[in-house]
Amino acid sequence: MRTVVFCCLFLALFASVCHAAEITQDRPKSPQERLLQELRMRSEYGNADAQFHLGLMYAMGDGVRHDDVEAARWFRKAAVQGNPDAQFNLGILYQCGDGVPQDLVEAAHWYRRAAEQADAKAEYNLGLMYDHGDGLQQDYAKALVWFRRAAEQGDADAQVNLGVMYAKGDGVRQDNVKAAGWFRKAATQGDSDAQLYLGALYERGDGVPQDYVQAWAWLKAAAAQGNARAAALIDQVAARLMPPAPQSK
């Protein structure tokens with residue numbers, strides 16, 4: 001199964017470079033400095049979006065010194081107001097122990113708050129926590145629910161994990177047809193693990209008609225992205241495509 005996927009929303013900042021022989025105290029503020037000043041002011045007045053973006057700047061070290069403690073402080077202020085991006089990022093900080101003591105129960109709490117607002121990455125991370133039993137009692141059926149919600153929004157990681165659960169029969173009746181369907185959705189987005197799994201299903205004829213050409217094509221696509229397991233299988237499949245060598249008389 002996949003490991004947790006960490007994701008941040010990048011704030012587009014436009015900064016100009018000033019070349020001057022001497023910098024005076026009354027020099028005009030750069031666009032980034034003006035943006036930071038505006039974010040601080042709006043954050044202090046309780047604007048949740050500004051609080052989230054200010055936290056993100058501290059988390060990324062973008063325009064300010066990197067400071068996870070400050071990032072957590074501003075994410076929390078936005079999160080308690082219901083901002084799903086802040087809730088998701090606060091969950092990450094608690095899961096990793098960055099800027100706050102590591103606390104998987106608290107991480108799951110904030111992922112759930114964001115997931116209940118249909119944040120796909122929060123849905124996926126909450127599914128992983130149920131799948132692994134991290135901060136929550138292990139529950140494959142609940143993991144399946146959250147993976148499905150994220151997968152239906154197009155999240156490739158969730159689609160792969162949902163396919164794996166169908167292939168293994170974890171939390172659901174084993175069904176290689178459905179597994180192949182979810183692997184295909186992620187594979188067409190370029191996910192190398194999904195391409196590997198779909199190629200393996202074609203090679204065995206599980207959930208799809210056995211087709212060595214399709215198997216080779218998906219394994220080749222995965223191997224081209226550096227997937228070592230696909231690279232190990234591709235020669236085996238290629239050998240099945242070659243006509244048998246003529247026997248000498």
# chains A, B, ... in the order shown; residues from 1 in each chain; ligands from 1
>>> residues_around(residues="Asp193 of chain A", least_positions_apart="5", cutoff="8 Å", atoms="only C-alpha atoms", output="short mmCIF file (atom, residue, chain, number, x, y, z; two decimals) with N, CA and C atoms, in the first residue's frame")
data_model
loop_
_atom_site.label_atom_id
_atom_site.label_comp_id
_atom_site.auth_asym_id
_atom_site.auth_seq_id
_atom_site.Cartn_x
_atom_site.Cartn_y
_atom_site.Cartn_z
N VAL A 160 -5.42 3.76 -6.80
CA VAL A 160 -4.53 2.60 -6.69
C VAL A 160 -4.86 1.79 -5.44
N ALA A 187 -3.77 4.45 -13.85
CA ALA A 187 -2.73 4.21 -14.86
C ALA A 187 -2.80 5.25 -15.97
N ALA A 222 5.28 1.67 -17.06
CA ALA A 222 5.71 1.77 -15.66
C ALA A 222 7.22 1.75 -15.55
N ASN A 227 9.96 2.26 -12.44
CA ASN A 227 9.37 1.25 -11.57
C ASN A 227 10.15 -0.06 -11.72
#
>>> closest_atom_pairs(of="segment 21-103 of chain A", to="segment 116-130 of chain A", cutoff="10 Å", atoms="only C-alpha atoms", output="JSON lines")
{"residue": "A:Gly82", "atom": "CA", "partner": "A:Gln117", "partner_atom": "CA", "distance": 9.0}
{"residue": "A:Asn83", "atom": "CA", "partner": "A:Gln117", "partner_atom": "CA", "distance": 9.2}
{"residue": "A:Pro84", "atom": "CA", "partner": "A:Gln117", "partner_atom": "CA", "distance": 6.7}
{"residue": "A:Asp85", "atom": "CA", "partner": "A:Asp119", "partner_atom": "CA", "distance": 7.9}
{"residue": "A:Gln87", "atom": "CA", "partner": "A:Ala122", "partner_atom": "CA", "distance": 8.7}
{"residue": "A:Phe88", "atom": "CA", "partner": "A:Ala122", "partner_atom": "CA", "distance": 5.9}
{"residue": "A:Asn89", "atom": "CA", "partner": "A:Ala122", "partner_atom": "CA", "distance": 9.1}
{"residue": "A:Gly91", "atom": "CA", "partner": "A:Ala122", "partner_atom": "CA", "distance": 8.5}
{"residue": "A:Ile92", "atom": "CA", "partner": "A:Asn125", "partner_atom": "CA", "distance": 9.1}
>>> write_last_selection(atoms="N, CA and C atoms", output="PDB file, in the first residue's frame")
ATOM      1  N   GLY A  82     -12.825  26.454  10.072  1.00  0.00           N
ATOM      2  CA  GLY A  82     -13.386  25.560   9.060  1.00  0.00           C
ATOM      3  C   GLY A  82     -12.678  25.551   7.729  1.00  0.00           C
ATOM      4  N   ASN A  83     -11.491  26.163   7.623  1.00  0.00           N
ATOM      5  CA  ASN A  83     -10.764  26.168   6.350  1.00  0.00           C
ATOM      6  C   ASN A  83     -10.190  24.775   6.089  1.00  0.00           C
ATOM      7  N   PRO A  84     -10.649  24.066   5.032  1.00  0.00           N
ATOM      8  CA  PRO A  84     -10.216  22.681   4.828  1.00  0.00           C
ATOM      9  C   PRO A  84      -8.741  22.547   4.463  1.00  0.00           C
ATOM     10  N   ASP A  85      -8.183  23.529   3.756  1.00  0.00           N
ATOM     11  CA  ASP A  85      -6.763  23.456   3.413  1.00  0.00           C
ATOM     12  C   ASP A  85      -5.917  23.546   4.672  1.00  0.00           C
ATOM     13  N   GLN A  87      -6.944  22.722   7.707  1.00  0.00           N
ATOM     14  CA  GLN A  87      -7.177  21.488   8.457  1.00  0.00           C
ATOM     15  C   GLN A  87      -6.296  20.362   7.935  1.00  0.00           C
ATOM     16  N   PHE A  88      -6.221  20.237   6.620  1.00  0.00           N
ATOM     17  CA  PHE A  88      -5.386  19.198   6.022  1.00  0.00           C
ATOM     18  C   PHE A  88      -3.918  19.388   6.378  1.00  0.00           C
ATOM     19  N   ASN A  89      -3.419  20.617   6.235  1.00  0.00           N
ATOM     20  CA  ASN A  89      -2.008  20.876   6.509  1.00  0.00           C
ATOM     21  C   ASN A  89      -1.682  20.740   7.991  1.00  0.00           C
ATOM     22  N   GLY A  91      -3.166  18.619   9.923  1.00  0.00           N
ATOM     23  CA  GLY A  91      -3.086  17.169  10.079  1.00  0.00           C
ATOM     24  C   GLY A  91      -1.720  16.630   9.703  1.00  0.00           C
ATOM     25  N   ILE A  92      -1.161  17.152   8.623  1.00  0.00           N
ATOM     26  CA  ILE A  92       0.175  16.723   8.205  1.00  0.00           C
ATOM     27  C   ILE A  92       1.212  17.044   9.280  1.00  0.00           C
TER      28      ILE A  92
END
>>> closest_residue(among="A:Tyr94, A:Tyr111, A:Tyr166, A:Trp74", to="Ala48 of chain A", atoms="only C-alpha atoms")
A:Trp74
>>> residues_around(residues="Lys185 of chain A", least_positions_apart="3", cutoff="10 Å", atoms="only C-alpha atoms", output="list in words")
Ala151, Glu152, Gly154, Asp155, Ala156, Gln159, Val160, Gly163, Ala180, Gly181, Trp182, Thr188, Gln189, Gly190, Asp191, Ala194 and Gln195 of chain A
